[in-house]
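Source file: run.pdb; contents: PDB, C-alpha atoms.
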ATOM      1  CA  MET A   1      12.723  18.783  11.305
ATOM      2  CA  GLN A   2      15.810  20.661  10.200
ATOM      3  CA  SER A   3      17.021  20.515   6.600
ATOM      4  CA  VAL A   4      20.578  21.216   5.517
ATOM      5  CA  VAL A   5      21.982  21.244   1.992
ATOM      6  CA  ALA A   6      25.716  20.621   1.695
ATOM      7  CA  HIS A   7      27.238  22.253  -1.375
ATOM      8  CA  GLY A   8      30.210  21.055  -3.357
ATOM      9  CA  GLY A   9      31.411  20.197  -6.821
ATOM     10  CA  GLY A  10      29.151  17.770  -8.656
ATOM     11  CA  GLY A  11      25.870  18.794  -7.007
ATOM     12  CA  THR A  12      24.632  18.771  -3.437
ATOM     13  CA  VAL A  13      24.013  16.326  -0.632
ATOM     14  CA  GLU A  14      20.547  16.759   0.884
ATOM     15  CA  HIS A  15      20.767  16.374   4.646
ATOM     16  CA  SER A  16      17.669  16.426   6.843
ATOM     17  CA  ARG A  17      17.577  15.987  10.609
ATOM     18  CA  PHE A  18      14.562  15.085  12.729
ATOM     19  CA  THR A  19      14.118  14.595  16.464
ATOM     20  CA  THR A  20      11.097  14.084  18.681
ATOM     21  CA  ALA A  21      12.725  16.161  21.422
ATOM     22  CA  GLY A  22      10.608  19.179  22.178
ATOM     23  CA  LEU A  23       7.350  17.605  20.982
ATOM     24  CA  ALA A  24       4.506  16.768  23.352
ATOM     25  CA  PRO A  25       4.867  13.103  24.412
ATOM     26  CA  ARG A  26       1.563  12.070  22.798
ATOM     27  CA  ASP A  27       2.634  13.631  19.489
ATOM     28  CA  GLN A  28       6.094  12.114  19.335
ATOM     29  CA  LEU A  29       5.335   8.711  17.779
ATOM     30  CA  PRO A  30       2.740   9.968  15.230
ATOM     31  CA  THR A  31       5.124  12.726  14.139
ATOM     32  CA  TYR A  32       7.948  10.215  13.794
ATOM     33  CA  CYS A  33       5.690   7.991  11.672
ATOM     34  CA  ASP A  34       5.132  10.909   9.313
ATOM     35  CA  GLN A  35       8.887  10.961   8.642
ATOM     36  CA  LEU A  36       8.898   7.380   7.344
ATOM     37  CA  THR A  37       8.488   7.044   3.602
ATOM     38  CA  VAL A  38       9.119   3.382   2.756
ATOM     39  CA  VAL A  39       7.603   1.577   5.749
ATOM     40  CA  THR A  40       4.436   1.812   7.818
ATOM     41  CA  VAL A  41       4.211   1.814  11.609
ATOM     42  CA  PRO A  42       0.934   0.109  12.623
ATOM     43  CA  VAL A  43       0.087   2.182  15.716
ATOM     44  CA  SER A  44      -2.758   4.318  16.919
ATOM     45  CA  ARG A  45      -2.486   7.916  15.776
ATOM     46  CA  SER A  46      -2.953   8.910  19.416
ATOM     47  CA  GLY A  47       0.663   7.871  19.891
ATOM     48  CA  ARG A  48       2.180   6.788  23.177
ATOM     49  CA  PRO A  49       1.238   8.925  26.176
ATOM     50  CA  ALA A  50       4.633   8.200  27.741
ATOM     51  CA  GLY A  51       6.407   9.531  24.658
ATOM     52  CA  PHE A  52       8.704   8.130  21.956
ATOM     53  CA  ARG A  53      12.347   9.120  21.646
ATOM     54  CA  ALA A  54      13.766   9.226  18.131
ATOM     55  CA  ALA A  55      16.403  11.065  16.139
ATOM     56  CA  ILE A  56      17.086  10.594  12.420
ATOM     57  CA  ASP A  57      19.715  12.008  10.088
ATOM     58  CA  ARG A  58      18.971  11.364   6.409
ATOM     59  CA  TYR A  59      21.432  11.992   3.572
ATOM     60  CA  ARG A  60      20.484  11.813  -0.113
ATOM     61  CA  ALA A  61      22.951  11.853  -2.986
ATOM     62  CA  ASP A  62      21.361  11.322  -6.377
ATOM     63  CA  ASP A  63      19.803   7.805  -6.342
ATOM     64  CA  THR A  64      21.398   6.741  -3.040
ATOM     65  CA  MET A  65      20.410   7.414   0.546
ATOM     66  CA  TYR A  66      22.031   6.946   3.949
ATOM     67  CA  ILE A  67      20.249   7.087   7.306
ATOM     68  CA  GLU A  68      21.455   7.177  10.900
ATOM     69  CA  ALA A  69      18.766   6.707  13.542
ATOM     70  CA  ARG A  70      18.361   6.104  17.244
ATOM     71  CA  THR A  71      14.862   5.209  18.424
ATOM     72  CA  ASP A  72      12.823   3.614  21.151
ATOM     73  CA  ALA A  73      11.255   0.219  20.416
ATOM     74  CA  TYR A  74       8.579   0.045  17.705
ATOM     75  CA  ALA A  75       7.307  -2.166  14.864
ATOM     76  CA  GLN A  76       7.314  -1.400  11.147
ATOM     77  CA  THR A  77       6.110  -3.159   8.003
ATOM     78  CA  ARG A  78       6.524  -2.900   4.260
ATOM     79  CA  SER A  79       3.549  -4.482   2.524
ATOM     80  CA  ILE A  80       2.898  -5.508  -1.050
ATOM     81  CA  ALA A  81       0.374  -2.651  -1.231
ATOM     82  CA  GLN A  82       2.986  -0.063  -0.303
ATOM     83  CA  ILE A  83       5.496  -1.625  -2.697
ATOM     84  CA  SER A  84       3.010  -1.343  -5.550
ATOM     85  CA  VAL A  85       2.340   2.328  -4.750
ATOM     86  CA  ASP A  86       5.767   3.817  -4.065
ATOM     87  CA  LYS A  87       7.553   1.530  -6.562
ATOM     88  CA  MET A  88      10.802   1.688  -4.604
ATOM     89  CA  GLN A  89      13.152  -1.002  -5.915
ATOM     90  CA  SER A  90      16.327  -0.283  -3.945
ATOM     91  CA  TYR A  91      18.317  -2.673  -1.824
ATOM     92  CA  CYS A  92      18.829  -1.694   1.796
ATOM     93  CA  PHE A  93      21.684  -2.755   4.066
ATOM     94  CA  HIS A  94      20.284  -2.253   7.565
ATOM     95  CA  VAL A  95      23.202  -1.986   9.975
ATOM     96  CA  LEU A  96      22.334  -2.701  13.603
ATOM     97  CA  ALA A  97      24.908  -0.948  15.777
ATOM     98  CA  ASP A  98      23.165  -1.381  19.123
ATOM     99  CA  GLY A  99      19.944  -2.990  20.338
ATOM    100  CA  GLY A 100      18.031  -5.816  18.669
ATOM    101  CA  ALA A 101      15.358  -6.676  16.124
ATOM    102  CA  GLU A 102      13.158  -9.499  14.891
ATOM    103  CA  THR A 103      12.431  -9.463  11.165
ATOM    104  CA  SER A 104      10.145 -11.519   8.949
ATOM    105  CA  THR A 105      10.610 -11.259   5.180
ATOM    106  CA  GLY A 106       9.134 -12.559   1.967
ATOM    107  CA  ALA A 107       5.723 -13.946   1.178
ATOM    108  CA  TYR A 108       5.517 -17.704   1.732
ATOM    109  CA  PRO A 109       7.504 -19.406   3.111
ATOM    110  CA  ARG A 110       8.649 -16.513   5.269
ATOM    111  CA  ARG A 111      12.187 -16.066   6.533
ATOM    112  CA  SER A 112      12.537 -14.978  10.157
ATOM    113  CA  VAL A 113      15.696 -13.724  11.800
ATOM    114  CA  HIS A 114      16.517 -12.465  15.288
ATOM    115  CA  GLN A 115      19.314  -9.946  15.784
ATOM    116  CA  SER A 116      20.671  -9.481  19.270
ATOM    117  CA  ARG A 117      24.164  -8.255  18.382
ATOM    118  CA  PRO A 118      25.657  -5.916  15.777
ATOM    119  CA  GLY A 119      25.249  -7.045  12.194
ATOM    120  CA  ILE A 120      23.910  -6.165   8.761
ATOM    121  CA  LEU A 121      20.464  -7.187   7.523
ATOM    122  CA  ALA A 122      19.973  -7.274   3.742
ATOM    123  CA  LEU A 123      16.566  -6.124   2.497
ATOM    124  CA  ASP A 124      15.135  -6.068  -1.010
ATOM    125  CA  MET A 125      12.668  -3.171  -0.905
ATOM    126  CA  SER A 126      10.632  -4.755  -3.719
ATOM    127  CA  GLN A 127       9.687  -7.591  -1.350
ATOM    128  CA  PRO A 128       7.490  -7.425   1.772
ATOM    129  CA  MET A 129       8.877  -7.450   5.294
ATOM    130  CA  SER A 130       7.918  -6.745   8.896
ATOM    131  CA  MET A 131      10.273  -5.775  11.719
ATOM    132  CA  SER A 132       9.938  -5.416  15.458
ATOM    133  CA  ARG A 133      12.813  -3.284  16.668
ATOM    134  CA  HIS A 134      14.015  -2.871  20.231
ATOM    135  CA  ALA A 135      15.408   0.445  21.407
ATOM    136  CA  SER A 136      18.228   0.618  18.866
ATOM    137  CA  GLN A 137      20.866   2.556  17.024
ATOM    138  CA  VAL A 138      20.836   1.738  13.319
ATOM    139  CA  ARG A 139      22.358   2.879  10.051
ATOM    140  CA  ALA A 140      20.904   2.108   6.633
ATOM    141  CA  LEU A 141      22.265   2.307   3.092
ATOM    142  CA  PHE A 142      19.752   2.441   0.211
ATOM    143  CA  LEU A 143      21.297   1.600  -3.159
ATOM    144  CA  PRO A 144      19.973   1.075  -6.717
ATOM    145  CA  ARG A 145      19.509  -2.523  -7.776
ATOM    146  CA  ALA A 146      22.122  -2.246 -10.516
ATOM    147  CA  VAL A 147      24.783  -1.223  -7.980
ATOM    148  CA  VAL A 148      24.273  -4.282  -5.772
ATOM    149  CA  GLU A 149      23.571  -6.739  -8.581
ATOM    150  CA  SER A 150      26.807  -5.760 -10.324
ATOM    151  CA  VAL A 151      28.518  -7.552  -7.436
ATOM    152  CA  LEU A 152      25.876 -10.130  -6.604
ATOM    153  CA  PRO A 153      23.493 -11.019  -9.477
ATOM    154  CA  GLN A 154      21.346 -13.099  -7.115
ATOM    155  CA  ALA A 155      21.019 -10.287  -4.582
ATOM    156  CA  GLN A 156      17.235 -10.676  -4.251
ATOM    157  CA  ALA A 157      17.934 -14.043  -2.567
ATOM    158  CA  LEU A 158      19.561 -12.158   0.336
ATOM    159  CA  HIS A 159      16.266 -10.597   1.424
ATOM    160  CA  GLY A 160      16.123 -11.189   5.177
ATOM    161  CA  ARG A 161      19.630 -12.596   5.583
ATOM    162  CA  VAL A 162      22.073 -11.294   8.183
ATOM    163  CA  LEU A 163      25.829 -10.815   8.138
ATOM    164  CA  GLU A 164      27.513 -10.730  11.542
ATOM    165  CA  PHE A 165      31.160  -9.986  12.247
ATOM    166  CA  ASP A 166      32.330 -11.598  15.454
ATOM    167  CA  ALA A 167      34.240 -14.608  16.663
ATOM    168  CA  THR A 168      31.603 -17.006  15.297
ATOM    169  CA  SER A 169      31.271 -15.385  11.880
ATOM    170  CA  PRO A 170      32.792 -17.089   8.818
ATOM    171  CA  ALA A 171      33.592 -13.714   7.262
ATOM    172  CA  LYS A 172      37.282 -12.925   7.034
ATOM    173  CA  PRO A 173      38.565 -10.411   9.620
ATOM    174  CA  SER A 174      40.019  -8.289   6.829
ATOM    175  CA  MET A 175      36.572  -7.980   5.228
ATOM    176  CA  ALA A 176      34.975  -7.110   8.585
ATOM    177  CA  ASN A 177      37.577  -4.413   9.208
ATOM    178  CA  ALA A 178      37.121  -3.008   5.713
ATOM    179  CA  ILE A 179      33.358  -2.737   6.191
ATOM    180  CA  ALA A 180      33.782  -1.085   9.594
ATOM    181  CA  ASP A 181      36.157   1.468   8.063
ATOM    182  CA  ALA A 182      33.788   2.098   5.137
ATOM    183  CA  LEU A 183      30.850   2.709   7.468
ATOM    184  CA  ASP A 184      32.894   5.091   9.592
ATOM    185  CA  ARG A 185      33.700   7.127   6.483
ATOM    186  CA  LEU A 186      29.988   7.682   5.871
ATOM    187  CA  ARG A 187      29.678   9.928   8.906
ATOM    188  CA  ARG A 188      30.855  12.996   6.979
ATOM    189  CA  LEU A 189      28.729  12.764   3.834
ATOM    190  CA  ASP A 190      27.431  16.305   4.281
ATOM    191  CA  ALA A 191      30.965  17.635   3.854
ATOM    192  CA  MET A 192      31.237  16.096   0.349
ATOM    193  CA  SER A 193      29.840  16.841  -3.051
ATOM    194  CA  ALA A 194      26.879  14.717  -4.113
ATOM    195  CA  ALA A 195      29.053  12.845  -6.615
ATOM    196  CA  ASP A 196      31.666  11.986  -3.994
ATOM    197  CA  ALA A 197      29.023  11.036  -1.427
ATOM    198  CA  ARG A 198      27.257   8.767  -3.902
ATOM    199  CA  GLN A 199      30.514   7.081  -4.830
ATOM    200  CA  ARG A 200      31.337   6.490  -1.176
ATOM    201  CA  LEU A 201      27.913   4.940  -0.608
ATOM    202  CA  VAL A 202      28.305   2.778  -3.714
ATOM    203  CA  ASP A 203      31.752   1.608  -2.638
ATOM    204  CA  SER A 204      30.492   0.769   0.854
ATOM    205  CA  GLY A 205      27.425  -1.033  -0.468
ATOM    206  CA  GLN A 206      29.392  -3.089  -2.955
ATOM    207  CA  LEU A 207      31.837  -4.069  -0.241
ATOM    208  CA  ILE A 208      28.952  -5.248   1.932
ATOM    209  CA  ALA A 209      27.431  -7.120  -1.018
ATOM    210  CA  ALA A 210      30.761  -8.861  -1.604
ATOM    211  CA  ALA A 211      30.841  -9.899   2.057
ATOM    212  CA  PHE A 212      27.348 -11.373   1.758
ATOM    213  CA  ALA A 213      28.448 -13.188  -1.399
ATOM    214  CA  GLN A 214      31.403 -14.638   0.473
ATOM    215  CA  ARG A 215      29.268 -15.590   3.467
ATOM    216  CA  TYR A 216      26.537 -17.347   1.460
ATOM    217  CA  ARG A 217      28.773 -18.591  -1.363
ATOM    218  CA  LEU A 218      26.703 -16.922  -4.036
ATOM    219  CA  SER A 219      29.494 -15.333  -6.052
ATOM    220  CA  GLY A 220      33.204 -15.054  -6.536
ATOM    221  CA  ASN A 221      34.281 -17.704  -9.022
ATOM    222  CA  ILE A 222      33.526 -19.121 -12.462
ATOM    223  CA  GLU A 223      31.105 -21.695 -11.086
ATOM    224  CA  ALA A 224      29.151 -18.980  -9.292
ATOM    225  CA  ALA A 225      29.076 -16.841 -12.443
ATOM    226  CA  GLU A 226      27.668 -19.769 -14.410
ATOM    227  CA  LYS A 227      25.123 -20.341 -11.656
ATOM    228  CA  ALA A 228      24.065 -16.690 -11.784
ATOM    229  CA  ALA A 229      23.692 -16.883 -15.571
ATOM    230  CA  SER A 230      21.532 -20.026 -15.304
ATOM    231  CA  PHE A 231      19.408 -18.432 -12.608
ATOM    232  CA  GLY A 232      18.874 -15.348 -14.755
ATOM    233  CA  GLN A 233      17.912 -17.479 -17.751
ATOM    234  CA  ALA A 234      15.392 -19.476 -15.701
ATOM    235  CA  ARG A 235      13.968 -16.349 -14.101
ATOM    236  CA  ARG A 236      13.495 -14.628 -17.471
ATOM    237  CA  TYR A 237      11.696 -17.692 -18.846
ATOM    238  CA  ILE A 238       9.398 -17.782 -15.809
ATOM    239  CA  GLU A 239       8.622 -14.064 -16.129
ATOM    240  CA  ALA A 240       7.774 -14.498 -19.822
ATOM    241  CA  HIS A 241       5.461 -17.479 -19.145
ATOM    242  CA  LEU A 242       4.312 -16.624 -15.619
ATOM    243  CA  TYR A 243       0.588 -16.984 -16.259
ATOM    244  CA  ASP A 244       0.871 -19.917 -18.640
ATOM    245  CA  PRO A 245      -1.040 -22.852 -17.087
ATOM    246  CA  ASP A 246       1.596 -25.177 -18.532
ATOM    247  CA  LEU A 247       4.421 -23.483 -16.587
ATOM    248  CA  THR A 248       5.965 -26.235 -14.465
ATOM    249  CA  PRO A 249       9.435 -27.114 -13.184
ATOM    250  CA  ASP A 250       9.769 -29.548 -16.081
ATOM    251  CA  SER A 251       8.888 -26.892 -18.663
ATOM    252  CA  VAL A 252      11.444 -24.523 -17.124
ATOM    253  CA  ARG A 253      14.071 -27.267 -17.030
ATOM    254  CA  ARG A 254      13.519 -28.224 -20.686
ATOM    255  CA  ALA A 255      13.488 -24.615 -21.910
ATOM    256  CA  CYS A 256      16.719 -23.772 -20.094
ATOM    257  CA  GLY A 257      18.500 -27.084 -20.695
ATOM    258  CA  LEU A 258      19.116 -27.652 -16.995
ATOM    259  CA  ALA A 259      19.260 -30.821 -14.948
ATOM    260  CA  ARG A 260      16.424 -31.213 -12.451
ATOM    261  CA  ALA A 261      18.793 -31.114  -9.440
ATOM    262  CA  THR A 262      20.532 -28.008 -10.801
ATOM    263  CA  LEU A 263      17.236 -26.194 -11.296
ATOM    264  CA  TYR A 264      16.075 -26.921  -7.765
ATOM    265  CA  ARG A 265      19.392 -25.789  -6.297
ATOM    266  CA  LEU A 266      19.140 -22.490  -8.186
ATOM    267  CA  PHE A 267      15.861 -21.653  -6.448
ATOM    268  CA  GLN A 268      16.701 -23.078  -3.049
ATOM    269  CA  HIS A 269      17.202 -19.563  -1.650
ATOM    270  CA  GLU A 270      13.704 -18.634  -2.848
ATOM    271  CA  GLY A 271      12.050 -21.458  -0.926
ATOM    272  CA  GLY A 272      12.025 -23.695  -3.992
ATOM    273  CA  LEU A 273      10.893 -23.299  -7.587
ATOM    274  CA  TYR A 274       7.204 -23.880  -6.847
ATOM    275  CA  ALA A 275       7.322 -21.201  -4.135
ATOM    276  CA  TYR A 276       9.080 -18.770  -6.482
ATOM    277  CA  ILE A 277       6.453 -19.206  -9.216
ATOM    278  CA  ARG A 278       3.570 -18.968  -6.731
ATOM    279  CA  ASN A 279       4.960 -15.826  -5.090
ATOM    280  CA  CYS A 280       5.525 -14.146  -8.465
ATOM    281  CA  ARG A 281       1.933 -14.927  -9.421
ATOM    282  CA  LEU A 282       0.650 -13.624  -6.088
ATOM    283  CA  ARG A 283       2.560 -10.388  -6.529
ATOM    284  CA  GLY A 284       1.085  -9.983  -9.991
ATOM    285  CA  ALA A 285      -2.391 -10.675  -8.623
ATOM    286  CA  ALA A 286      -1.911  -8.080  -5.879
ATOM    287  CA  LEU A 287      -1.032  -5.485  -8.497
ATOM    288  CA  GLU A 288      -4.100  -6.455 -10.533
ATOM    289  CA  LEU A 289      -6.298  -5.990  -7.457
ATOM    290  CA  LEU A 290      -4.919  -2.452  -7.101
ATOM    291  CA  ARG A 291      -4.991  -1.458 -10.760
ATOM    292  CA  PHE A 292      -8.459  -2.819 -11.553
ATOM    293  CA  PRO A 293     -10.655  -2.328  -8.455
ATOM    294  CA  ASP A 294     -13.824  -3.360 -10.348
ATOM    295  CA  LYS A 295     -12.442  -6.524 -11.934
ATOM    296  CA  PRO A 296     -13.905  -9.683 -10.322
ATOM    297  CA  ILE A 297     -11.438 -11.402  -8.028
ATOM    298  CA  ILE A 298     -12.116 -14.782  -9.601
ATOM    299  CA  ASP A 299     -11.117 -13.385 -13.008
ATOM    300  CA  ILE A 300      -7.849 -12.113 -11.522
ATOM    301  CA  ALA A 301      -7.214 -15.516  -9.938
ATOM    302  CA  TYR A 302      -7.603 -17.351 -13.257
ATOM    303  CA  SER A 303      -5.688 -14.764 -15.287
ATOM    304  CA  CYS A 304      -2.744 -15.026 -12.863
ATOM    305  CA  GLY A 305      -2.417 -18.778 -13.225
ATOM    306  CA  PHE A 306      -4.432 -20.080 -10.259
ATOM    307  CA  GLY A 307      -6.682 -23.074 -10.854
ATOM    308  CA  SER A 308      -9.537 -21.973  -8.598
ATOM    309  CA  ALA A 309     -10.729 -19.047  -6.525
ATOM    310  CA  SER A 310     -10.303 -21.061  -3.311
ATOM    311  CA  ASP A 311      -6.683 -21.972  -4.118
ATOM    312  CA  PHE A 312      -5.958 -18.334  -4.860
ATOM    313  CA  ALA A 313      -7.651 -17.101  -1.679
ATOM    314  CA  ARG A 314      -5.747 -19.561   0.525
ATOM    315  CA  ALA A 315      -2.384 -18.755  -1.067
ATOM    316  CA  PHE A 316      -3.019 -15.003  -0.905
ATOM    317  CA  ARG A 317      -4.060 -15.079   2.739
ATOM    318  CA  ARG A 318      -1.060 -17.220   3.674
ATOM    319  CA  ALA A 319       1.303 -14.793   1.936
ATOM    320  CA  TYR A 320      -0.229 -11.436   2.913
ATOM    321  CA  ASP A 321      -2.232 -12.198   6.076
ATOM    322  CA  MET A 322      -5.493 -11.016   4.522
ATOM    323  CA  THR A 323      -7.975 -12.095   1.887
ATOM    324  CA  PRO A 324      -7.828 -10.631  -1.639
ATOM    325  CA  ARG A 325     -11.073  -8.758  -0.921
ATOM    326  CA  ASP A 326      -9.714  -7.234   2.294
ATOM    327  CA  PHE A 327      -6.474  -6.333   0.525
ATOM    328  CA  ARG A 328      -8.363  -4.484  -2.190
ATOM    329  CA  PHE A 329     -10.491  -2.636   0.373
ATOM    330  CA  ALA A 330      -7.473  -1.640   2.490
ATOM    331  CA  SER A 331      -5.536  -0.424  -0.544
ATOM    332  CA  GLN A 332      -8.262   2.015  -1.643
ATOM    333  CA  ASN A 333      -7.179   4.480   1.056
ATOM    334  CA  TRP A 334      -3.470   3.876   0.641
ATOM    335  CA  PRO A 335      -1.475   7.148   0.308
ATOM    336  CA  ARG A 336      -0.440   7.711  -3.309
ATOM    337  CA  SER A 337       2.257  10.367  -2.910
ATOM    338  CA  ARG A 338       4.847   8.705  -0.706
ATOM    339  CA  ALA A 339       8.385   9.008  -2.040
ATOM    340  CA  VAL A 340      11.767   7.774  -0.907
TER     341      VAL A 340
END
As structure tokens, the full file:
Amino acid sequence: MQSVVAHGGGGTVEHSRFTTAGLAPRDQLPTYCDQLTVVTVPVSRSGRPAGFRAAIDRYRADDTMYIEARTDAYAQTRSIAQISVDKMQSYCFHVLADGGAETSTGAYPRRSVHQSRPGILALDMSQPMSMSRHASQVRALFLPRAVVESVLPQAQALHGRVLEFDATSPAKPSMANAIADALDRLRRLDAMSAADARQRLVDSGQLIAAAFAQRYRLSGNIEAAEKAASFGQARRYIEAHLYDPDLTPDSVRRACGLARATLYRLFQHEGGLYAYIRNCRLRGAALELLRFPDKPIIDIAYSCGFGSASDFARAFRRAYDMTPRDFRFASQNWPRSRAV
């Protein structure tokens, strides 16, 4: 790996470059995996005897990051265990320039999407996902939550959604052209100061967020602003009463003064209000399993709002593809020093 630091007014842009060229074929995939900080590649450490071609350029400017990569096909995951350890909360706009990918996001119900043409996948790095990527060329923008949510308060609802710009896309051509121009301007980040590079990434990310808002009709007018405010109010109430056994859609509706139909529409993008509450409780339970390895699982189930150990076990397995006990065991050897 080669590291370059670009100097300029307002700090520096950290630029690192990695390629598997020159490595022994068997070492190429394991070495590439070591470069990944926010996802895990579930492969044998013996690698692929035939080799794995990959090249990555990574640019960091303060709390933003931009990546350009070209790789052979591989699979990657971001689990609730990794989320709880690295605590990365950014949004990622994953730009597929060439190739294809299949992505599954969320807990339960999952959202699955297939990309076979250029487009932008929105990912909330505080939520789980798995991706199977073909040989591809991709670009990725990592931005703080506040940057994206200043444009789209309901941005977490975009996790796993795709924006495509072609003849069948509802996005306006002017917006598509603006995004294409903004992405092209990111190719010279290492020639800028850190402040200028960060601002360019922020501008590009907010433009993409606005396009998603337009595409999914989540923002852009007074009605949408009122909807975002109601959603935030309901979400805050749920967070404050998450483990209350009396937390129900009716209690949320009464506390927030919302009509039943309005409340259900607000959480439609989350798979429904019941699914949102259940997934929040499951995430809390997963964190409890990590933080308190000696605490009985049944105690965690009850403390996180589940009525029985069997209900908790079924919901946990459906969301995370493993039992709570297996999750706790697997997490004991999880690396603790991974950073973005």
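The nearest approach to Arg139 of chain A among the residues A:Met65, A:Ala157, A:Ile83, A:Ala178, with all atoms listed in the file taken into account, belongs to A:Met65.
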Would you write out, as a ChimeraX atom specification, every residue that the PyMOL selection byres ((chain A and resi 134) around 10) captures in this file?
/A:71-75,98-102,115-116,131-133,135-137
For atom CA of Phe312 of chain A and atom CA of Arg110 of chain A, the interatomic separation in Å (one decimal)
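The value is 17.9 Å.
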Given the file above and the PyMOL selection byres ((chain A and resi 239) around 12), which residues are selected, and can you give them as a VMD selection string?
chain A and resid 232 to 238 240 to 244 247 252 276 to 281 283 to 284 304
Taking (27.0, -15.6, -0.1) in the file's own coordinates, collect the residues within 12 Å, counting only C-alpha atoms, and hand them back as a PDB file with C-alpha atoms, keeping the file's coordinate frame.
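Result written to point_1.pdb:
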ATOM      1  CA  ALA A 122      19.973  -7.274   3.742  1.00  0.00           C
ATOM      2  CA  VAL A 151      28.518  -7.552  -7.436  1.00  0.00           C
ATOM      3  CA  LEU A 152      25.876 -10.130  -6.604  1.00  0.00           C
ATOM      4  CA  PRO A 153      23.493 -11.019  -9.477  1.00  0.00           C
ATOM      5  CA  GLN A 154      21.346 -13.099  -7.115  1.00  0.00           C
ATOM      6  CA  ALA A 155      21.019 -10.287  -4.582  1.00  0.00           C
ATOM      7  CA  GLN A 156      17.235 -10.676  -4.251  1.00  0.00           C
ATOM      8  CA  ALA A 157      17.934 -14.043  -2.567  1.00  0.00           C
ATOM      9  CA  LEU A 158      19.561 -12.158   0.336  1.00  0.00           C
ATOM     10  CA  HIS A 159      16.266 -10.597   1.424  1.00  0.00           C
ATOM     11  CA  ARG A 161      19.630 -12.596   5.583  1.00  0.00           C
ATOM     12  CA  VAL A 162      22.073 -11.294   8.183  1.00  0.00           C
ATOM     13  CA  LEU A 163      25.829 -10.815   8.138  1.00  0.00           C
ATOM     14  CA  PRO A 170      32.792 -17.089   8.818  1.00  0.00           C
ATOM     15  CA  ALA A 171      33.592 -13.714   7.262  1.00  0.00           C
ATOM     16  CA  ILE A 208      28.952  -5.248   1.932  1.00  0.00           C
ATOM     17  CA  ALA A 209      27.431  -7.120  -1.018  1.00  0.00           C
ATOM     18  CA  ALA A 210      30.761  -8.861  -1.604  1.00  0.00           C
ATOM     19  CA  ALA A 211      30.841  -9.899   2.057  1.00  0.00           C
ATOM     20  CA  PHE A 212      27.348 -11.373   1.758  1.00  0.00           C
ATOM     21  CA  ALA A 213      28.448 -13.188  -1.399  1.00  0.00           C
ATOM     22  CA  GLN A 214      31.403 -14.638   0.473  1.00  0.00           C
ATOM     23  CA  ARG A 215      29.268 -15.590   3.467  1.00  0.00           C
ATOM     24  CA  TYR A 216      26.537 -17.347   1.460  1.00  0.00           C
ATOM     25  CA  ARG A 217      28.773 -18.591  -1.363  1.00  0.00           C
ATOM     26  CA  LEU A 218      26.703 -16.922  -4.036  1.00  0.00           C
ATOM     27  CA  SER A 219      29.494 -15.333  -6.052  1.00  0.00           C
ATOM     28  CA  GLY A 220      33.204 -15.054  -6.536  1.00  0.00           C
ATOM     29  CA  ASN A 221      34.281 -17.704  -9.022  1.00  0.00           C
ATOM     30  CA  ALA A 224      29.151 -18.980  -9.292  1.00  0.00           C
ATOM     31  CA  HIS A 269      17.202 -19.563  -1.650  1.00  0.00           C
TER      32      HIS A 269
END
Interatomic distance, atom CA of Gln206 of chain A to atom CA of Ala146 of chain A (Å, one decimal):
10.5 Å
Which residues of segment 59-111 of chain A come within 9 Å of segment 125-130 of chain A, and for each one, what is the closest pair of atoms and their distance in Å to one decimal, counting all atoms listed in the file, sorted by chain and residue number, as CSV?
residue,atom,partner,partner_atom,distance
A:Ala75,CA,A:Ser130,CA,7.5
A:Gln76,CA,A:Ser130,CA,5.8
A:Thr77,CA,A:Ser130,CA,4.1
A:Arg78,CA,A:Met129,CA,5.2
A:Ser79,CA,A:Pro128,CA,5.0
A:Ile80,CA,A:Pro128,CA,5.7
A:Gln82,CA,A:Pro128,CA,8.9
A:Ile83,CA,A:Ser126,CA,6.1
A:Ser84,CA,A:Ser126,CA,8.5
A:Lys87,CA,A:Ser126,CA,7.6
A:Met88,CA,A:Met125,CA,6.4
A:Gln89,CA,A:Ser126,CA,5.0
A:Ser90,CA,A:Met125,CA,5.6
A:Tyr91,CA,A:Met125,CA,5.7
A:Cys92,CA,A:Met125,CA,6.9
A:Glu102,CA,A:Ser130,CA,8.4
A:Thr103,CA,A:Ser130,CA,5.7
A:Ser104,CA,A:Ser130,CA,5.3
A:Thr105,CA,A:Met129,CA,4.2
A:Gly106,CA,A:Pro128,CA,5.4
A:Ala107,CA,A:Pro128,CA,6.8
Take the PyMOL selection byres ((chain A and resi 119) around 7), apply it to the structure above, and return the hits as an MDAnalysis selection string.
chainID A and resid 95:96 117:118 120:121 162:165
Atomic distance atom CA of Asp86 of chain A - atom CA of Gln35 of chain A, expressed in Å with one decimal
14.9 Å
I'd like the contact shell of Pro293 of chain A - 9 Å cut-off, only C-alpha atoms, skipping same-chain residues fewer than 3 positions apart - returned as a list in words.
Glu288, Leu289, Leu290, Pro296, Arg328, Phe329 and Gln332 of chain A
Writing out the chosen residues with C-alpha atoms as a tab-separated table (two decimals), in the frame of the given file:
chain	number	residue	atom	x	y	z
A	288	GLU	CA	-4.10	-6.46	-10.53
A	289	LEU	CA	-6.30	-5.99	-7.46
A	290	LEU	CA	-4.92	-2.45	-7.10
A	296	PRO	CA	-13.90	-9.68	-10.32
A	328	ARG	CA	-8.36	-4.48	-2.19
A	329	PHE	CA	-10.49	-2.64	0.37
A	332	GLN	CA	-8.26	2.02	-1.64
Could you tell me which of A:Ala275, A:Ala313, A:Ala97, A:Cys33 comes closest to Leu183 of chain A if we count all atoms listed in the file?
A:Ala97
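Proximity of A:Thr37, A:Thr12, A:Thr19, A:Thr31 to Ala54 of chain A, computed with only C-alpha atoms, is greatest for A:Thr19.
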Using only C-alpha atoms, find the one residue out of A:Arg48, A:Arg325, A:Arg314, A:Arg260 that sits nearest to Arg26 of chain A.
A:Arg48
